[in-house]
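Have a look at structure.txt; it's compact mmCIF, C-alpha atoms:
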```txt
# COMPACT_ATOMS: atom_id res chain seq x y z
CA MET A 1209 -204.11 -85.52 73.23
CA VAL A 1210 -202.04 -87.39 75.79
CA ILE A 1211 -199.72 -89.95 74.21
CA PHE A 1212 -197.43 -92.30 76.09
CA PHE A 1213 -194.76 -94.99 75.92
CA SER A 1214 -194.51 -97.33 78.88
CA GLY A 1215 -192.54 -100.54 79.45
CA THR A 1216 -193.83 -101.55 82.87
CA GLY A 1217 -196.78 -99.23 83.45
CA ASN A 1218 -195.40 -96.18 85.29
CA SER A 1219 -195.75 -93.77 82.40
CA GLU A 1220 -199.11 -95.26 81.43
CA TYR A 1221 -200.45 -94.61 84.91
CA VAL A 1222 -199.23 -91.00 84.82
CA ALA A 1223 -200.59 -90.45 81.31
CA ARG A 1224 -204.05 -91.77 82.10
CA ARG A 1225 -204.25 -89.74 85.31
CA ILE A 1226 -203.33 -86.57 83.41
CA ALA A 1227 -205.81 -87.36 80.62
CA ASP A 1228 -208.60 -87.88 83.15
CA ALA A 1229 -207.75 -84.61 84.91
CA ILE A 1230 -207.71 -82.49 81.74
CA HIS A 1231 -210.54 -84.40 80.03
CA ASP A 1232 -208.49 -85.37 77.01
CA ASP A 1233 -207.94 -88.51 74.94
CA CYS A 1234 -205.11 -90.88 75.88
CA MET A 1235 -203.22 -93.06 73.40
CA ASN A 1236 -200.58 -95.76 73.83
CA LEU A 1237 -197.76 -95.22 71.31
CA PHE A 1238 -196.62 -98.86 71.49
CA ASP A 1239 -197.95 -99.98 68.09
CA ARG A 1240 -196.76 -96.83 66.34
CA LEU A 1241 -193.28 -97.13 67.81
CA LYS A 1242 -193.11 -100.85 67.07
CA GLU A 1243 -194.13 -100.40 63.45
CA ASN A 1244 -192.21 -97.13 62.98
CA ASP A 1245 -195.55 -95.53 62.10
CA VAL A 1246 -195.15 -91.77 61.82
CA SER A 1247 -198.35 -91.16 59.88
CA GLN A 1248 -200.57 -88.20 60.67
CA MET A 1249 -202.15 -87.71 64.09
CA ASN A 1250 -204.30 -84.72 64.97
CA SER A 1251 -205.14 -83.03 68.24
CA ALA A 1252 -207.19 -79.90 68.82
CA LYS A 1253 -205.76 -79.60 72.34
CA PRO A 1254 -202.04 -79.35 73.19
CA TRP A 1255 -200.02 -82.54 72.86
CA VAL A 1256 -198.81 -84.18 76.07
CA VAL A 1257 -196.03 -86.77 75.75
CA VAL A 1258 -195.52 -89.05 78.76
CA SER A 1259 -192.47 -91.30 78.75
CA PRO A 1260 -189.82 -92.77 81.02
CA THR A 1261 -186.31 -91.37 81.06
CA TYR A 1262 -183.45 -93.62 79.96
CA ALA A 1263 -180.08 -92.38 81.22
CA TRP A 1264 -181.44 -88.87 81.83
CA GLN A 1265 -182.92 -88.48 78.36
CA LEU A 1266 -186.09 -89.31 76.48
CA PRO A 1267 -185.71 -92.89 75.15
CA ARG A 1268 -184.08 -92.76 71.74
CA ILE A 1269 -186.94 -94.67 70.14
CA VAL A 1270 -189.36 -92.00 71.38
CA MET A 1271 -187.08 -89.11 70.45
CA LYS A 1272 -186.73 -90.49 66.93
CA TRP A 1273 -190.50 -90.83 66.62
CA ILE A 1274 -191.14 -87.28 67.86
CA GLY A 1275 -188.65 -86.03 65.30
CA ARG A 1276 -190.52 -87.68 62.41
CA ALA A 1277 -194.18 -88.05 63.39
CA VAL A 1278 -196.75 -85.92 61.56
CA LEU A 1279 -198.51 -84.14 64.43
CA THR A 1280 -201.17 -81.75 63.19
CA GLY A 1281 -203.63 -79.41 64.86
CA ASN A 1282 -202.42 -77.75 68.05
CA ARG A 1283 -198.73 -76.74 67.93
CA ARG A 1284 -198.15 -76.72 71.68
CA ILE A 1285 -196.49 -79.76 73.24
CA TYR A 1286 -195.75 -80.76 76.85
CA PHE A 1287 -193.44 -83.51 78.11
CA VAL A 1288 -193.87 -85.42 81.37
CA LEU A 1289 -191.05 -87.82 82.20
CA THR A 1290 -191.16 -90.60 84.77
CA CYS A 1291 -187.95 -91.52 86.54
CA GLY A 1292 -186.53 -93.39 89.51
CA SER A 1293 -184.89 -90.29 90.96
CA GLU A 1294 -184.19 -87.46 88.48
CA THR A 1295 -184.51 -86.43 84.82
CA GLY A 1296 -181.20 -84.59 84.44
CA ASP A 1297 -181.18 -82.07 81.60
CA ALA A 1298 -183.54 -84.09 79.38
CA GLY A 1299 -185.52 -81.01 78.41
CA ARG A 1300 -182.68 -79.36 76.48
CA LYS A 1301 -182.59 -81.91 73.64
CA ILE A 1302 -186.37 -82.25 73.60
CA LYS A 1303 -186.72 -78.48 73.21
CA GLU A 1304 -184.38 -78.52 70.24
CA VAL A 1305 -186.36 -81.29 68.52
CA CYS A 1306 -189.56 -79.30 69.06
CA ARG A 1307 -187.97 -76.21 67.53
CA LEU A 1308 -186.98 -78.19 64.45
CA ARG A 1309 -190.55 -79.50 64.18
CA ASP A 1310 -191.99 -75.98 64.54
CA MET A 1311 -193.84 -76.93 67.72
CA GLU A 1312 -194.13 -74.73 70.79
CA TYR A 1313 -192.27 -76.44 73.63
CA MET A 1314 -194.32 -75.98 76.80
CA GLY A 1315 -191.82 -77.47 79.20
CA CYS A 1316 -190.73 -80.74 80.70
CA ALA A 1317 -191.61 -82.04 84.18
CA GLY A 1318 -190.36 -85.10 86.01
CA VAL A 1319 -192.39 -87.49 88.16
CA VAL A 1320 -190.57 -89.85 90.52
CA MET A 1321 -192.15 -93.30 90.27
CA PRO A 1322 -191.06 -96.74 91.57
CA GLU A 1323 -187.76 -98.02 90.19
CA ASN A 1324 -188.23 -100.53 87.37
CA TYR A 1325 -184.74 -100.74 85.86
CA ILE A 1326 -183.94 -104.14 87.32
CA ALA A 1327 -181.02 -104.63 84.95
CA MET A 1328 -179.14 -102.31 87.31
CA PHE A 1329 -181.26 -101.59 90.40
CA SER A 1330 -183.69 -103.44 92.65
CA ALA A 1331 -187.40 -102.83 92.23
CA PRO A 1332 -189.49 -102.12 95.33
CA GLU A 1333 -191.97 -104.54 96.81
CA LYS A 1334 -195.65 -103.75 96.23
CA ASP A 1335 -196.30 -101.83 99.47
CA GLU A 1336 -193.27 -99.62 98.95
CA ALA A 1337 -194.22 -99.08 95.30
CA LEU A 1338 -197.73 -98.00 96.28
CA ALA A 1339 -196.32 -95.52 98.78
CA ILE A 1340 -194.04 -94.00 96.11
CA ILE A 1341 -196.96 -93.71 93.70
CA GLU A 1342 -199.12 -92.07 96.38
CA ARG A 1343 -196.40 -89.45 96.90
CA ALA A 1344 -196.19 -88.92 93.14
CA GLU A 1345 -199.90 -88.28 92.71
CA LYS A 1346 -199.76 -84.71 94.05
CA SER A 1347 -197.01 -83.92 91.56
CA ILE A 1348 -199.05 -85.50 88.74
CA ASP A 1349 -202.10 -83.47 89.75
CA ASP A 1350 -200.07 -80.23 89.88
CA ILE A 1351 -198.71 -80.95 86.41
CA SER A 1352 -202.22 -81.73 85.16
CA PHE A 1353 -203.50 -78.40 86.50
CA LYS A 1354 -200.76 -76.47 84.72
CA ILE A 1355 -201.39 -78.28 81.45
CA GLY A 1356 -205.15 -77.84 81.77
CA THR A 1357 -204.80 -74.11 82.35
CA GLY A 1358 -202.23 -73.58 79.58
CA LYS A 1359 -199.29 -72.82 81.86
CA ARG A 1360 -195.74 -73.86 81.07
CA LEU A 1361 -194.01 -76.63 83.02
CA ALA A 1362 -190.99 -75.26 84.84
CA GLY A 1363 -189.32 -78.61 85.54
CA GLN A 1364 -186.38 -79.06 87.89
CA LYS A 1365 -183.47 -76.66 88.27
CA VAL A 1366 -180.70 -77.92 86.00
CA THR A 1367 -177.21 -78.18 87.48
CA PRO A 1368 -173.88 -78.69 85.69
CA ALA A 1369 -173.99 -82.30 86.89
CA ASP A 1370 -177.39 -82.74 85.22
CA ILE A 1371 -175.98 -81.48 81.93
CA ILE A 1372 -173.13 -83.99 82.10
CA LYS A 1373 -175.52 -86.84 82.88
CA SER A 1374 -177.80 -86.06 79.94
CA THR A 1375 -174.94 -85.59 77.48
CA ALA A 1376 -171.64 -87.35 78.13
CA LEU A 1377 -172.97 -90.07 80.45
CA ASN A 1378 -175.95 -90.77 78.20
CA LEU A 1379 -173.65 -91.23 75.21
CA VAL A 1380 -171.50 -93.68 77.17
CA PHE A 1381 -174.38 -95.49 78.86
CA TYR A 1382 -176.08 -96.76 75.71
CA PRO A 1383 -173.17 -98.65 74.12
CA LEU A 1384 -171.94 -99.97 77.46
CA PHE A 1385 -175.19 -101.09 79.06
CA VAL A 1386 -178.18 -100.99 76.69
CA HIS A 1387 -177.97 -104.37 75.02
CA ALA A 1388 -179.80 -107.68 75.31
CA GLY A 1389 -176.84 -110.01 75.70
CA ARG A 1390 -177.65 -110.90 79.31
CA PHE A 1391 -181.33 -111.69 78.82
CA ALA A 1392 -182.23 -115.38 78.84
CA ALA A 1393 -185.20 -117.58 79.75
CA ASP A 1394 -184.81 -120.47 82.18
CA ASP A 1395 -186.75 -123.74 82.51
CA ARG A 1396 -189.83 -121.95 83.83
CA CYS A 1397 -190.44 -120.58 80.33
CA THR A 1398 -193.58 -122.00 78.69
CA GLY A 1399 -192.94 -120.44 75.28
CA CYS A 1400 -196.13 -118.37 75.57
CA GLY A 1401 -194.71 -115.61 73.33
CA LEU A 1402 -195.78 -112.70 75.52
CA CYS A 1403 -192.24 -111.31 75.63
CA GLU A 1404 -192.09 -111.35 71.83
CA ALA A 1405 -195.43 -109.57 71.57
CA GLN A 1406 -194.45 -106.96 74.18
CA CYS A 1407 -191.11 -106.05 72.61
CA VAL A 1408 -191.41 -102.59 71.08
CA MET A 1409 -188.12 -103.11 69.20
CA LYS A 1410 -189.18 -106.44 67.63
CA ASN A 1411 -186.02 -107.77 69.23
CA ILE A 1412 -187.39 -111.08 70.55
CA LYS A 1413 -188.27 -114.18 68.53
CA ILE A 1414 -189.57 -117.50 69.83
CA ARG A 1415 -187.43 -120.33 68.51
CA ASP A 1416 -187.85 -123.95 69.56
CA GLY A 1417 -190.22 -122.81 72.28
CA ARG A 1418 -187.86 -120.28 73.88
CA PRO A 1419 -187.28 -116.55 73.38
CA VAL A 1420 -184.11 -115.42 71.62
CA TRP A 1421 -182.98 -111.79 71.92
CA GLY A 1422 -181.42 -109.82 69.08
CA ARG A 1423 -179.39 -106.61 69.17
CA LYS A 1424 -182.03 -103.86 69.12
CA CYS A 1425 -182.87 -103.68 72.81
CA THR A 1426 -183.93 -100.40 74.43
CA HIS A 1427 -183.95 -101.80 78.00
CA CYS A 1428 -187.62 -101.02 78.66
CA MET A 1429 -187.72 -104.07 81.01
CA SER A 1430 -191.07 -105.20 79.59
CA CYS A 1431 -189.91 -108.72 78.72
CA ILE A 1432 -188.42 -109.49 82.11
CA CYS A 1433 -191.08 -107.76 84.21
CA ARG A 1434 -194.17 -108.93 82.32
CA CYS A 1435 -193.21 -112.61 82.04
CA PRO A 1436 -196.04 -114.46 83.85
CA GLU A 1437 -193.64 -117.20 85.02
CA GLU A 1438 -190.77 -114.84 85.94
CA ALA A 1439 -188.70 -117.05 83.66
CA VAL A 1440 -186.69 -114.21 82.10
CA GLU A 1441 -183.45 -113.30 83.85
CA TYR A 1442 -180.87 -110.60 83.23
CA GLY A 1443 -177.67 -112.45 84.04
CA LYS A 1444 -177.20 -112.84 87.79
CA LYS A 1445 -178.50 -109.35 88.60
CA SER A 1446 -182.20 -110.24 88.48
CA LYS A 1447 -182.08 -113.63 90.23
CA GLY A 1448 -184.27 -113.61 93.31
CA GLN A 1449 -185.24 -109.99 92.74
CA PRO A 1450 -188.85 -108.74 92.51
CA ARG A 1451 -190.22 -107.87 89.08
CA TYR A 1452 -192.06 -104.60 88.68
CA ILE A 1453 -195.37 -103.78 87.02
CA CYS A 1454 -197.15 -100.63 88.13
CA PRO A 1455 -199.62 -101.82 90.78
CA LYS A 1456 -202.11 -99.06 90.04
CA GLY A 1457 -203.97 -98.57 86.78
```
As structure tokens, the full file:
Amino acid sequence: MVIFFSGTGNSEYVARRIADAIHDDCMNLFDRLKENDVSQMNSAKPWVVVSPTYAWQLPRIVMKWIGRAVLTGNRRIYFVLTCGSETGDAGRKIKEVCRLRDMEYMGCAGVVMPENYIAMFSAPEKDEALAIIERAEKSIDDISFKIGTGKRLAGQKVTPADIIKSTALNLVFYPLFVHAGRFAADDRCTGCGLCEAQCVMKNIKIRDGRPVWGRKCTHCMSCICRCPEEAVEYGKKSKGQPRYICPKG
């Protein structure tokens, strides 16, 4: 079974392409993550987890779920991580969690997709995004072939710099940058509630017709990128910048 977490659609696109290629089921983990649902799931085929990388690691909400979820059936598990440029040494911690869960770690591969982290970077325009996705499709298909034929995913060569990024820098990045204090909705907001519904952390509440952010943000960028009015801003960084939703599905 292919299972995925996706804030703006990149990982969903990769997951569904892999599932189609290997003729397997595909499941969005959103509701399970949102409700902290770790109840039993079963798969006769190897598990395939598709997720973005946050600061060169699997998102903590996904890592926590993997560490607690009751996954029965096949004991093999693959990880495919989408990123804007690189995945660092994300596989090391994932491998350790798999060992503790008595699951056979079959490797971790990265797929470079369009940048969506508009809290820090600029997202590409649609034509550029489509070109990046087109380049990624060969990599996705190669990964799918390896999974479908039971081969391990080799992933990228890990350098000392990658190890530092996925350990020390990741530990610093979360408390310094991953918070919701800069999110706000301007006068374009209609109070539709989509941001509240799309928040996997249950961190957004509509009060007096406007969204209010709490303290449990994971910086998935769903609220700011999926707002139909582009009313959500992240301080001054996002003003005038394109939002990003995967243009292919």
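Between CA of Ile1412 (chain A) and CA of Met1249 (chain A) the separation is 28.4 Å.
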(request) Would you please work out which residue, of A:Val1305, A:Leu1384, A:Val1319, A:Met1328, is nearest to Val1270 (chain A) when using only C-alpha atoms? (result)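 Comparing A:Val1305, A:Leu1384, A:Val1319, A:Met1328 against Val1270 (chain A), the winner is A:Val1305.
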(request) One decimal, Å: what's the distance from CA of Gly1215 (chain A) over to CA of Pro1455 (chain A), could you say? (result)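 The value is 13.4 Å.
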(request) Rank A:Phe1287, A:Trp1264, A:Trp1421, A:Trp1273 by their smallest atom-to-atom distance to Ser1352 (chain A), using all atoms listed in the file, and report the top residue only. (result)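 Under the stated criterion, the closest residue is A:Phe1287.
If you measure from each of A:Cys1431, A:Pro1436, A:Ala1392, A:Met1314 to Ala1405 (chain A) using only C-alpha atoms, the closest one turns out to be A:Cys1431.
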(request) Return the single residue from A:Leu1377, A:Cys1428, A:Leu1338, A:Ala1227 that is closest to Arg1268 (chain A), with distances computed using only C-alpha atoms. (result)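 The shortest atom-to-atom distance to Arg1268 (chain A) comes from A:Cys1428.
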(request) Would you kindly return, as a PyMOL selection string, each protein, DNA or RNA residue with an atom no farther than 10 Å from any atom of Lys1410 (chain A), considering only C-alpha atoms and excluding same-chain residues fewer than 5 positions away? (result) chain A and resi 1242-1243+1403-1405+1421-1425
(request) Find, counting only C-alpha atoms, the residue in A:Asn1411, A:Ser1219, A:Thr1375, A:Thr1367 that gets nearest to Leu1289 (chain A). (result)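 Nearest candidate to Leu1289 (chain A) out of A:Asn1411, A:Ser1219, A:Thr1375, A:Thr1367: A:Ser1219.
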(request) Name the closest residue to Ser1374 (chain A) among the candidates A:Met1429, A:Leu1266, A:Ala1223, A:Val1246; distances are taken between atoms, counting only C-alpha atoms. (result)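 Among the listed residues, A:Leu1266 lies closest to Ser1374 (chain A).
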Closest atom pairs, region 1224-1297 of chain A residues within 10 Å of region 1358-1365 of chain A, all atoms listed in the file, as JSON lines:
```
{"residue": "A:Pro1254", "atom": "CA", "partner": "A:Gly1358", "partner_atom": "CA", "distance": 8.6}
{"residue": "A:Arg1284", "atom": "CA", "partner": "A:Gly1358", "partner_atom": "CA", "distance": 9.4}
{"residue": "A:Ile1285", "atom": "CA", "partner": "A:Arg1360", "partner_atom": "CA", "distance": 9.8}
{"residue": "A:Tyr1286", "atom": "CA", "partner": "A:Leu1361", "partner_atom": "CA", "distance": 7.6}
{"residue": "A:Phe1287", "atom": "CA", "partner": "A:Leu1361", "partner_atom": "CA", "distance": 8.5}
{"residue": "A:Val1288", "atom": "CA", "partner": "A:Leu1361", "partner_atom": "CA", "distance": 8.9}
{"residue": "A:Leu1289", "atom": "CA", "partner": "A:Gly1363", "partner_atom": "CA", "distance": 9.9}
{"residue": "A:Glu1294", "atom": "CA", "partner": "A:Gln1364", "partner_atom": "CA", "distance": 8.7}
{"residue": "A:Thr1295", "atom": "CA", "partner": "A:Gln1364", "partner_atom": "CA", "distance": 8.2}
{"residue": "A:Gly1296", "atom": "CA", "partner": "A:Gln1364", "partner_atom": "CA", "distance": 8.3}
{"residue": "A:Asp1297", "atom": "CA", "partner": "A:Gln1364", "partner_atom": "CA", "distance": 8.7}
```
(request) Take the point (-193.7, -104.0, 91.0) in the file's coordinates, draw a sphere of radius 8 Å around it, and report as a ChimeraX atom specification every protein, DNA or RNA residue with an atom inside or on it, counting only C-alpha atoms. (result) /A:1322,1324,1331-1334,1337,1450-1455
Could the centre and edge lengths of an axis-aligned box, enclosing all atoms of region 1278-1293 of chain A in the file with 4 Å extra on each side, be given in Å to one decimal as lines of an AutoDock Vina configuration file?
```
center_x = -194.3
center_y = -85.1
center_z = 76.3
size_x = 26.7
size_y = 24.7
size_z = 37.4
```
(message) Report, in Å with one decimal, the straight-line distance from CA of Glu1312 (chain A) to CA of Met1409 (chain A).
(response)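 Separation between CA of Glu1312 (chain A) and CA of Met1409 (chain A): 29.1 Å.
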Find the residues near Gly1281 (chain A): any atom within 12 Å, counting only C-alpha atoms, skip ones fewer than 6 places away on the same chain, and give them as a JSON list (two decimals) with C-alpha atoms, keeping the file's coordinate frame.
```
[["chain", "number", "residue", "atom", "x", "y", "z"],
["A", 1209, "MET", "CA", -204.11, -85.52, 73.23],
["A", 1248, "GLN", "CA", -200.57, -88.20, 60.67],
["A", 1249, "MET", "CA", -202.15, -87.71, 64.09],
["A", 1250, "ASN", "CA", -204.30, -84.72, 64.97],
["A", 1251, "SER", "CA", -205.14, -83.03, 68.24],
["A", 1252, "ALA", "CA", -207.19, -79.90, 68.82],
["A", 1253, "LYS", "CA", -205.76, -79.60, 72.34],
["A", 1254, "PRO", "CA", -202.04, -79.35, 73.19],
["A", 1255, "TRP", "CA", -200.02, -82.54, 72.86],
["A", 1311, "MET", "CA", -193.84, -76.93, 67.72]]
```
(message) Quick one: residues within 7 Å of Cys1397 (chain A), all atoms listed in the file, excluding same-chain residues fewer than 2 positions away - as a ChimeraX atom specification?
(response) /A:1393-1395,1399,1418,1437,1439
Keeping only C-alpha atoms, write the selected residues to a file as a PDB file, in the frame of the given file.
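Everything below was put into part-v9.pdb:
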```pdb
ATOM      1  CA  ALA A1393    -185.200-117.580  79.750  1.00  0.00           C
ATOM      2  CA  ASP A1394    -184.810-120.470  82.180  1.00  0.00           C
ATOM      3  CA  ASP A1395    -186.750-123.740  82.510  1.00  0.00           C
ATOM      4  CA  GLY A1399    -192.940-120.440  75.280  1.00  0.00           C
ATOM      5  CA  ARG A1418    -187.860-120.280  73.880  1.00  0.00           C
ATOM      6  CA  GLU A1437    -193.640-117.200  85.020  1.00  0.00           C
ATOM      7  CA  ALA A1439    -188.700-117.050  83.660  1.00  0.00           C
TER       8      ALA A1439
END
```
